[in-house]
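Structure file input.pdb with PDB, C-alpha atoms, pLDDT in the B column:
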```pdb
ATOM      1  CA  MET A   1      33.672  49.545 -33.200  1.00 60.00           C
ATOM      2  CA  VAL A   2      32.402  46.046 -33.837  1.00 69.00           C
ATOM      3  CA  ARG A   3      29.138  45.123 -32.094  1.00 81.00           C
ATOM      4  CA  VAL A   4      27.693  41.828 -30.944  1.00 93.00           C
ATOM      5  CA  ILE A   5      24.183  41.430 -29.571  1.00 95.00           C
ATOM      6  CA  ALA A   6      24.192  38.929 -26.689  1.00 96.00           C
ATOM      7  CA  ASP A   7      21.246  37.310 -25.010  1.00 96.00           C
ATOM      8  CA  ASN A   8      21.077  38.730 -21.488  1.00 92.00           C
ATOM      9  CA  ARG A   9      20.896  35.175 -20.092  1.00 92.00           C
ATOM     10  CA  GLU A  10      24.307  34.344 -21.552  1.00 90.00           C
ATOM     11  CA  ASN A  11      27.358  33.811 -19.382  1.00 84.00           C
ATOM     12  CA  LYS A  12      28.923  37.032 -18.097  1.00 91.00           C
ATOM     13  CA  GLU A  13      32.467  35.702 -18.599  1.00 93.00           C
ATOM     14  CA  ILE A  14      31.921  35.571 -22.352  1.00 95.00           C
ATOM     15  CA  ILE A  15      30.632  39.168 -22.334  1.00 93.00           C
ATOM     16  CA  ILE A  16      33.617  40.373 -20.287  1.00 94.00           C
ATOM     17  CA  ASN A  17      36.044  38.620 -22.631  1.00 94.00           C
ATOM     18  CA  LEU A  18      34.309  40.059 -25.706  1.00 93.00           C
ATOM     19  CA  GLU A  19      34.713  43.553 -24.260  1.00 92.00           C
ATOM     20  CA  LYS A  20      38.418  42.827 -23.607  1.00 92.00           C
ATOM     21  CA  GLU A  21      38.655  42.112 -27.340  1.00 90.00           C
ATOM     22  CA  GLU A  22      37.263  45.622 -27.994  1.00 89.00           C
ATOM     23  CA  ILE A  23      33.856  44.327 -29.024  1.00 91.00           C
ATOM     24  CA  GLU A  24      30.854  46.452 -28.103  1.00 90.00           C
ATOM     25  CA  VAL A  25      28.254  44.150 -26.564  1.00 94.00           C
ATOM     26  CA  GLU A  26      24.574  44.995 -26.507  1.00 94.00           C
ATOM     27  CA  ARG A  27      22.688  42.826 -24.032  1.00 95.00           C
ATOM     28  CA  ARG A  28      19.017  42.058 -24.496  1.00 95.00           C
ATOM     29  CA  GLN A  29      16.721  39.083 -24.351  1.00 96.00           C
ATOM     30  CA  LEU A  30      16.857  37.201 -27.631  1.00 96.00           C
ATOM     31  CA  ASP A  31      14.119  34.827 -28.700  1.00 95.00           C
ATOM     32  CA  ILE A  32      16.380  33.096 -31.200  1.00 95.00           C
ATOM     33  CA  ALA A  33      20.157  32.566 -30.919  1.00 96.00           C
ATOM     34  CA  ASP A  34      22.544  33.388 -28.103  1.00 97.00           C
ATOM     35  CA  PHE A  35      24.567  35.929 -30.079  1.00 97.00           C
ATOM     36  CA  ILE A  36      23.897  38.003 -33.188  1.00 96.00           C
ATOM     37  CA  ILE A  37      26.632  39.558 -35.281  1.00 94.00           C
ATOM     38  CA  GLU A  38      25.478  42.087 -37.883  1.00 85.00           C
ATOM     39  CA  THR A  39      27.641  42.778 -40.895  1.00 76.00           C
ATOM     40  CA  LYS A  40      27.404  43.674 -44.572  1.00 71.00           C
ATOM     41  CA  ASN A  41      27.789  41.238 -47.447  1.00 68.00           C
ATOM     42  CA  LEU A  42      29.635  41.815 -50.727  1.00 69.00           C
ATOM     43  CA  ASP A  43      26.640  43.774 -52.078  1.00 74.00           C
ATOM     44  CA  ASN A  44      26.717  46.059 -49.021  1.00 74.00           C
ATOM     45  CA  LYS A  45      23.448  44.620 -47.678  1.00 77.00           C
ATOM     46  CA  ILE A  46      23.091  43.944 -43.961  1.00 80.00           C
ATOM     47  CA  GLN A  47      23.677  40.309 -43.130  1.00 84.00           C
ATOM     48  CA  LYS A  48      22.979  38.717 -39.733  1.00 91.00           C
ATOM     49  CA  VAL A  49      24.943  35.843 -38.236  1.00 95.00           C
ATOM     50  CA  GLY A  50      22.958  33.949 -35.601  1.00 97.00           C
ATOM     51  CA  VAL A  51      25.076  31.966 -33.156  1.00 98.00           C
ATOM     52  CA  GLU A  52      23.702  29.226 -30.932  1.00 97.00           C
ATOM     53  CA  ARG A  53      26.137  28.267 -28.141  1.00 97.00           C
ATOM     54  CA  LYS A  54      25.936  24.881 -26.463  1.00 97.00           C
ATOM     55  CA  THR A  55      28.110  23.320 -23.823  1.00 96.00           C
ATOM     56  CA  LYS A  56      28.617  19.640 -24.551  1.00 96.00           C
ATOM     57  CA  THR A  57      26.241  18.694 -21.721  1.00 95.00           C
ATOM     58  CA  ASP A  58      23.613  21.139 -22.971  1.00 95.00           C
ATOM     59  CA  LEU A  59      24.033  19.757 -26.490  1.00 96.00           C
ATOM     60  CA  LEU A  60      23.256  16.242 -25.275  1.00 96.00           C
ATOM     61  CA  ASN A  61      20.319  17.459 -23.172  1.00 95.00           C
ATOM     62  CA  SER A  62      18.914  19.411 -26.120  1.00 95.00           C
ATOM     63  CA  ILE A  63      19.175  16.307 -28.319  1.00 93.00           C
ATOM     64  CA  ILE A  64      17.146  14.340 -25.767  1.00 92.00           C
ATOM     65  CA  ASP A  65      14.389  16.933 -25.358  1.00 93.00           C
ATOM     66  CA  LYS A  66      14.415  17.783 -29.091  1.00 90.00           C
ATOM     67  CA  ARG A  67      15.155  21.495 -28.490  1.00 93.00           C
ATOM     68  CA  LEU A  68      18.203  21.368 -30.738  1.00 95.00           C
ATOM     69  CA  ILE A  69      16.348  20.616 -33.963  1.00 95.00           C
ATOM     70  CA  ASN A  70      13.840  23.419 -33.310  1.00 95.00           C
ATOM     71  CA  GLN A  71      16.638  25.864 -32.472  1.00 96.00           C
ATOM     72  CA  LEU A  72      18.482  24.995 -35.686  1.00 96.00           C
ATOM     73  CA  ILE A  73      15.326  25.399 -37.775  1.00 96.00           C
ATOM     74  CA  LEU A  74      14.732  28.843 -36.232  1.00 97.00           C
ATOM     75  CA  LEU A  75      18.383  29.823 -36.810  1.00 97.00           C
ATOM     76  CA  LYS A  76      18.129  28.860 -40.484  1.00 96.00           C
ATOM     77  CA  GLU A  77      14.799  30.675 -40.940  1.00 96.00           C
ATOM     78  CA  ASN A  78      15.824  33.909 -39.212  1.00 97.00           C
ATOM     79  CA  PHE A  79      19.496  34.490 -40.019  1.00 96.00           C
ATOM     80  CA  ASP A  80      21.510  34.796 -43.180  1.00 92.00           C
ATOM     81  CA  VAL A  81      24.305  32.767 -41.603  1.00 93.00           C
ATOM     82  CA  PRO A  82      23.505  30.278 -38.815  1.00 97.00           C
ATOM     83  CA  LEU A  83      26.363  28.994 -36.643  1.00 97.00           C
ATOM     84  CA  LEU A  84      26.569  26.444 -33.833  1.00 98.00           C
ATOM     85  CA  ILE A  85      29.319  26.653 -31.228  1.00 98.00           C
ATOM     86  CA  ILE A  86      29.916  23.518 -29.161  1.00 98.00           C
ATOM     87  CA  GLU A  87      31.866  24.458 -26.059  1.00 97.00           C
ATOM     88  CA  GLY A  88      33.943  22.398 -23.658  1.00 95.00           C
ATOM     89  CA  ASP A  89      36.972  20.185 -23.513  1.00 94.00           C
ATOM     90  CA  GLU A  90      35.252  17.150 -21.964  1.00 93.00           C
ATOM     91  CA  ASN A  91      34.936  13.880 -23.841  1.00 93.00           C
ATOM     92  CA  ILE A  92      31.379  14.177 -25.167  1.00 94.00           C
ATOM     93  CA  TYR A  93      31.002  10.399 -25.390  1.00 92.00           C
ATOM     94  CA  SER A  94      31.498   9.951 -21.641  1.00 90.00           C
ATOM     95  CA  LEU A  95      29.139  12.676 -20.392  1.00 90.00           C
ATOM     96  CA  ARG A  96      25.882  10.717 -20.640  1.00 88.00           C
ATOM     97  CA  ASP A  97      24.720   7.255 -21.480  1.00 88.00           C
ATOM     98  CA  PHE A  98      24.538   7.912 -25.229  1.00 88.00           C
ATOM     99  CA  HIS A  99      25.681   5.577 -27.947  1.00 91.00           C
ATOM    100  CA  PRO A 100      28.575   7.362 -29.712  1.00 93.00           C
ATOM    101  CA  ASN A 101      26.948   6.830 -33.109  1.00 95.00           C
ATOM    102  CA  SER A 102      23.826   8.736 -32.018  1.00 93.00           C
ATOM    103  CA  ILE A 103      26.033  11.732 -31.177  1.00 95.00           C
ATOM    104  CA  ARG A 104      27.972  11.387 -34.422  1.00 95.00           C
ATOM    105  CA  GLY A 105      24.694  11.051 -36.315  1.00 95.00           C
ATOM    106  CA  MET A 106      23.280  14.258 -34.829  1.00 95.00           C
ATOM    107  CA  ILE A 107      26.455  16.231 -35.498  1.00 96.00           C
ATOM    108  CA  SER A 108      26.477  14.913 -39.070  1.00 97.00           C
ATOM    109  CA  THR A 109      22.817  15.885 -39.472  1.00 96.00           C
ATOM    110  CA  ILE A 110      23.580  19.409 -38.269  1.00 97.00           C
ATOM    111  CA  ALA A 111      26.473  19.812 -40.700  1.00 96.00           C
ATOM    112  CA  ILE A 112      25.076  17.976 -43.737  1.00 96.00           C
ATOM    113  CA  ASP A 113      21.274  18.101 -43.591  1.00 95.00           C
ATOM    114  CA  PHE A 114      20.874  21.482 -41.895  1.00 96.00           C
ATOM    115  CA  GLN A 115      24.085  22.888 -43.413  1.00 96.00           C
ATOM    116  CA  VAL A 116      24.884  24.708 -40.188  1.00 97.00           C
ATOM    117  CA  PRO A 117      28.619  25.198 -39.596  1.00 97.00           C
ATOM    118  CA  ILE A 118      29.925  23.929 -36.265  1.00 98.00           C
ATOM    119  CA  ILE A 119      32.821  25.449 -34.333  1.00 98.00           C
ATOM    120  CA  TYR A 120      34.267  23.633 -31.342  1.00 97.00           C
ATOM    121  CA  THR A 121      35.704  25.770 -28.536  1.00 97.00           C
ATOM    122  CA  GLN A 122      37.533  24.758 -25.373  1.00 97.00           C
ATOM    123  CA  GLY A 123      35.612  27.025 -23.010  1.00 96.00           C
ATOM    124  CA  GLN A 124      34.067  30.433 -22.466  1.00 95.00           C
ATOM    125  CA  LYS A 125      37.254  32.417 -23.143  1.00 95.00           C
ATOM    126  CA  ASP A 126      37.812  30.512 -26.368  1.00 97.00           C
ATOM    127  CA  THR A 127      34.173  31.083 -27.382  1.00 97.00           C
ATOM    128  CA  ALA A 128      34.618  34.829 -26.782  1.00 96.00           C
ATOM    129  CA  LYS A 129      37.825  34.815 -28.857  1.00 96.00           C
ATOM    130  CA  TYR A 130      36.018  33.089 -31.752  1.00 96.00           C
ATOM    131  CA  LEU A 131      33.064  35.485 -31.588  1.00 96.00           C
ATOM    132  CA  ALA A 132      35.437  38.467 -31.535  1.00 94.00           C
ATOM    133  CA  LEU A 133      37.458  37.104 -34.450  1.00 93.00           C
ATOM    134  CA  ILE A 134      34.323  36.462 -36.509  1.00 92.00           C
ATOM    135  CA  ALA A 135      32.890  39.899 -35.731  1.00 90.00           C
ATOM    136  CA  LYS A 136      36.159  41.692 -36.580  1.00 86.00           C
ATOM    137  CA  ARG A 137      36.632  39.657 -39.737  1.00 83.00           C
ATOM    138  CA  LEU A 138      33.122  40.469 -40.916  1.00 79.00           C
ATOM    139  CA  GLU A 139      33.729  44.191 -40.314  1.00 76.00           C
ATOM    140  CA  LYS A 140      36.619  44.274 -42.776  1.00 72.00           C
ATOM    141  CA  PRO A 141      35.824  45.194 -46.374  1.00 67.00           C
ATOM    142  CA  ARG A 142      34.628  42.071 -48.121  1.00 64.00           C
ATOM    143  CA  LYS A 143      35.802  40.912 -51.504  1.00 69.00           C
ATOM    144  CA  PRO A 144      35.328  37.704 -53.472  1.00 70.00           C
ATOM    145  CA  ILE A 145      37.544  34.814 -52.429  1.00 72.00           C
ATOM    146  CA  SER A 146      40.479  34.442 -54.776  1.00 73.00           C
ATOM    147  CA  LEU A 147      41.811  31.041 -55.716  1.00 71.00           C
TER     148      LEU A 147
END
```
How does the structure come out when it is put into structure tokens?
Amino acid sequence: MVRVIADNRENKEIIINLEKEEIEVERRQLDIADFIIETKNLDNKIQKVGVERKTKTDLLNSIIDKRLINQLILLKENFDVPLLIIEGDENIYSLRDFHPNSIRGMISTIAIDFQVPIIYTQGQKDTAKYLALIAKRLEKPRKPISL
């Protein structure tokens, strides 16, 4: 069975939905990341995916207080594959008094400068579905991508 380690401060709805997807969830306090998915790479070595989950409001707040940059640095330093999930279906540009280009600039920095992939989800159920899909996909035997 596929296993995901979830920070015990994470939303219970996500955990419940992961378990509905037949994902074993281990809950513990994590210092870095909100979720960890362990898998093996093509060379059969253990590889860890560190997932930071942000609602759109939390994303904006973490830009203001500069938490986001530190969290991304720690993700990159501690995981083989860092991943940022931005959750919510609200219009991010109308949530706070932010210039749209400052939001676009930060998202571009995350993707280009930090080279951290970003996945957008509509809500907690969608986040759980993505985490389950990623975990199940990583459990399958890996082979080189064929063109």
> Given the choices A:Pro144, A:Glu26, A:Ile64, A:Gly50, which gets closest to Asp97 (chain A) if the distance is worked out from all atoms listed in the file?
Replying inline: A:Ile64
> In Å, how far is it from CA of Lys20 (chain A) to CA of Tyr130 (chain A)?
Replying inline: 12.9 Å
> Which value, in Å to one decimal, gives the distance between CA of Ile69 (chain A) and CA of Met106 (chain A)?
Replying inline: 9.4 Å
> So how many Å separate CA of Ile16 (chain A) and CA of Arg3 (chain A), to one decimal?
Replying inline: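 About the pair CA of Ile16 (chain A) and CA of Arg3 (chain A): they are 13.5 Å apart.
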> For the file shown, what are the residues hit by the PyMOL selection byres ((chain A and resi 70-83) around 7), laid out as JSON, numbers by chain?
Replying inline: {"A": [32, 33, 47, 48, 49, 50, 51, 52, 67, 68, 69, 84, 85, 116, 117, 118]}
Let me see the file: selected residues, C-alpha atoms, as a CSV table (one decimal), in the coordinates of the input.
```csv
chain,number,residue,atom,x,y,z
A,32,ILE,CA,16.4,33.1,-31.2
A,33,ALA,CA,20.2,32.6,-30.9
A,47,GLN,CA,23.7,40.3,-43.1
A,48,LYS,CA,23.0,38.7,-39.7
A,49,VAL,CA,24.9,35.8,-38.2
A,50,GLY,CA,23.0,33.9,-35.6
A,51,VAL,CA,25.1,32.0,-33.2
A,52,GLU,CA,23.7,29.2,-30.9
A,67,ARG,CA,15.2,21.5,-28.5
A,68,LEU,CA,18.2,21.4,-30.7
A,69,ILE,CA,16.3,20.6,-34.0
A,84,LEU,CA,26.6,26.4,-33.8
A,85,ILE,CA,29.3,26.7,-31.2
A,116,VAL,CA,24.9,24.7,-40.2
A,117,PRO,CA,28.6,25.2,-39.6
A,118,ILE,CA,29.9,23.9,-36.3
```
>> At a cut-off of 12 Å, using all atoms listed in the file, what residues contact Asn8 (chain A)? Leave out same-chain residues fewer than 2 positions from it and give the result as a count of residues only.
In response: 18
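With all atoms listed in the file as the atoms that count, the minimum distance from Ser62 (chain A) to the choices A:Ile37, A:Ile103, A:Asn91, A:Leu131 is reached by A:Ile103.
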> Which is closest to Asp58 (chain A) among A:Ile134, A:Ile36, A:Ile92, A:Asp7, if we use only C-alpha atoms?
Replying inline: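 Smallest separation from Asp58 (chain A) among the options: A:Ile92.
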> Skipping near chain neighbours, those fewer than 4 positions away, what residues fall within 8 Å of Leu59 (chain A) using all atoms listed in the file, listed as number ranges by chain?
Replying inline: A: 54-55, 63, 68, 86
Output file for the residues above (C-alpha atoms, as an mmCIF file, in the coordinates of the input):
```
data_model
loop_
_atom_site.group_PDB
_atom_site.id
_atom_site.type_symbol
_atom_site.label_atom_id
_atom_site.label_comp_id
_atom_site.auth_asym_id
_atom_site.auth_seq_id
_atom_site.Cartn_x
_atom_site.Cartn_y
_atom_site.Cartn_z
ATOM 1 C CA LYS A 54 25.936 24.881 -26.463
ATOM 2 C CA THR A 55 28.110 23.320 -23.823
ATOM 3 C CA ILE A 63 19.175 16.307 -28.319
ATOM 4 C CA LEU A 68 18.203 21.368 -30.738
ATOM 5 C CA ILE A 86 29.916 23.518 -29.161
#
```
> From the list A:Leu60, A:Glu13, A:Ala135, A:Glu87, which residue is nearest Ser102 (chain A) when using all atoms listed in the file?
Replying inline: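 Under the stated criterion, the closest residue is A:Leu60.
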> Using only C-alpha atoms, which of the listed residues (A:Asp43, A:Glu90, A:Glu19, A:Glu24) sits closest to Lys129 (chain A)?
Replying inline: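 Using only C-alpha atoms, Lys129 (chain A) sits closest to A:Glu19.
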>> the PyMOL selection byres ((chain A and resi 123) around 9) - which residues does that actually catch in the file I just gave you? List them as a PyMOL selection string.
In response: chain A and resi 55+87-89+121-122+124-128
> Looking at only C-alpha atoms, which of A:Asn17, A:Ser108, A:Thr57, A:Thr39 is the one that sits closest to Lys140 (chain A)?
Replying inline: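 Looking only at the distances to Lys140 (chain A), the closest residue turns out to be A:Thr39.
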Hey, could you patch up region 34-47 of chain A with N, CA, C and O atoms and hand it over as a PDB file, keeping the file's coordinate frame?
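Everything below was put into out.pdb:
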```pdb
ATOM      1  N   ASP A  34      21.901  32.881 -29.313  1.00 97.00           N
ATOM      2  CA  ASP A  34      22.544  33.388 -28.103  1.00 97.00           C
ATOM      3  C   ASP A  34      23.337  34.651 -28.397  1.00 97.00           C
ATOM      4  O   ASP A  34      23.515  35.487 -27.524  1.00 97.00           O
ATOM      5  N   PHE A  35      23.811  34.762 -29.637  1.00 97.00           N
ATOM      6  CA  PHE A  35      24.567  35.929 -30.079  1.00 97.00           C
ATOM      7  C   PHE A  35      24.157  36.260 -31.505  1.00 97.00           C
ATOM      8  O   PHE A  35      23.875  35.360 -32.299  1.00 97.00           O
ATOM      9  N   ILE A  36      24.159  37.553 -31.820  1.00 96.00           N
ATOM     10  CA  ILE A  36      23.897  38.003 -33.188  1.00 96.00           C
ATOM     11  C   ILE A  36      25.021  38.955 -33.582  1.00 96.00           C
ATOM     12  O   ILE A  36      25.337  39.885 -32.838  1.00 96.00           O
ATOM     13  N   ILE A  37      25.602  38.678 -34.728  1.00 94.00           N
ATOM     14  CA  ILE A  37      26.632  39.558 -35.281  1.00 94.00           C
ATOM     15  C   ILE A  37      26.068  40.123 -36.581  1.00 94.00           C
ATOM     16  O   ILE A  37      25.699  39.359 -37.477  1.00 94.00           O
ATOM     17  N   GLU A  38      25.981  41.455 -36.665  1.00 85.00           N
ATOM     18  CA  GLU A  38      25.478  42.087 -37.883  1.00 85.00           C
ATOM     19  C   GLU A  38      26.653  42.579 -38.703  1.00 85.00           C
ATOM     20  O   GLU A  38      27.593  43.161 -38.176  1.00 85.00           O
ATOM     21  N   THR A  39      26.580  42.355 -39.996  1.00 76.00           N
ATOM     22  CA  THR A  39      27.641  42.778 -40.895  1.00 76.00           C
ATOM     23  C   THR A  39      27.037  43.101 -42.253  1.00 76.00           C
ATOM     24  O   THR A  39      25.832  43.037 -42.430  1.00 76.00           O
ATOM     25  N   LYS A  40      27.861  43.438 -43.207  1.00 71.00           N
ATOM     26  CA  LYS A  40      27.404  43.674 -44.572  1.00 71.00           C
ATOM     27  C   LYS A  40      28.023  42.636 -45.487  1.00 71.00           C
ATOM     28  O   LYS A  40      29.178  42.259 -45.314  1.00 71.00           O
ATOM     29  N   ASN A  41      27.251  42.201 -46.495  1.00 68.00           N
ATOM     30  CA  ASN A  41      27.789  41.238 -47.447  1.00 68.00           C
ATOM     31  C   ASN A  41      28.500  41.963 -48.588  1.00 68.00           C
ATOM     32  O   ASN A  41      28.670  43.183 -48.553  1.00 68.00           O
ATOM     33  N   LEU A  42      28.895  41.224 -49.609  1.00 69.00           N
ATOM     34  CA  LEU A  42      29.635  41.815 -50.727  1.00 69.00           C
ATOM     35  C   LEU A  42      28.844  42.891 -51.457  1.00 69.00           C
ATOM     36  O   LEU A  42      29.414  43.807 -52.039  1.00 69.00           O
ATOM     37  N   ASP A  43      27.503  42.787 -51.419  1.00 74.00           N
ATOM     38  CA  ASP A  43      26.640  43.774 -52.078  1.00 74.00           C
ATOM     39  C   ASP A  43      26.272  44.924 -51.150  1.00 74.00           C
ATOM     40  O   ASP A  43      25.386  45.700 -51.446  1.00 74.00           O
ATOM     41  N   ASN A  44      26.929  45.001 -49.998  1.00 74.00           N
ATOM     42  CA  ASN A  44      26.717  46.059 -49.021  1.00 74.00           C
ATOM     43  C   ASN A  44      25.339  45.988 -48.345  1.00 74.00           C
ATOM     44  O   ASN A  44      24.848  46.970 -47.839  1.00 74.00           O
ATOM     45  N   LYS A  45      24.721  44.816 -48.364  1.00 77.00           N
ATOM     46  CA  LYS A  45      23.448  44.620 -47.678  1.00 77.00           C
ATOM     47  C   LYS A  45      23.730  44.044 -46.289  1.00 77.00           C
ATOM     48  O   LYS A  45      24.664  43.265 -46.115  1.00 77.00           O
ATOM     49  N   ILE A  46      22.897  44.440 -45.324  1.00 80.00           N
ATOM     50  CA  ILE A  46      23.091  43.944 -43.961  1.00 80.00           C
ATOM     51  C   ILE A  46      22.826  42.440 -43.916  1.00 80.00           C
ATOM     52  O   ILE A  46      21.853  41.942 -44.480  1.00 80.00           O
ATOM     53  N   GLN A  47      23.737  41.754 -43.256  1.00 84.00           N
ATOM     54  CA  GLN A  47      23.677  40.309 -43.130  1.00 84.00           C
ATOM     55  C   GLN A  47      23.796  39.979 -41.638  1.00 84.00           C
ATOM     56  O   GLN A  47      24.622  40.560 -40.935  1.00 84.00           O
TER      57      GLN A  47
END
```
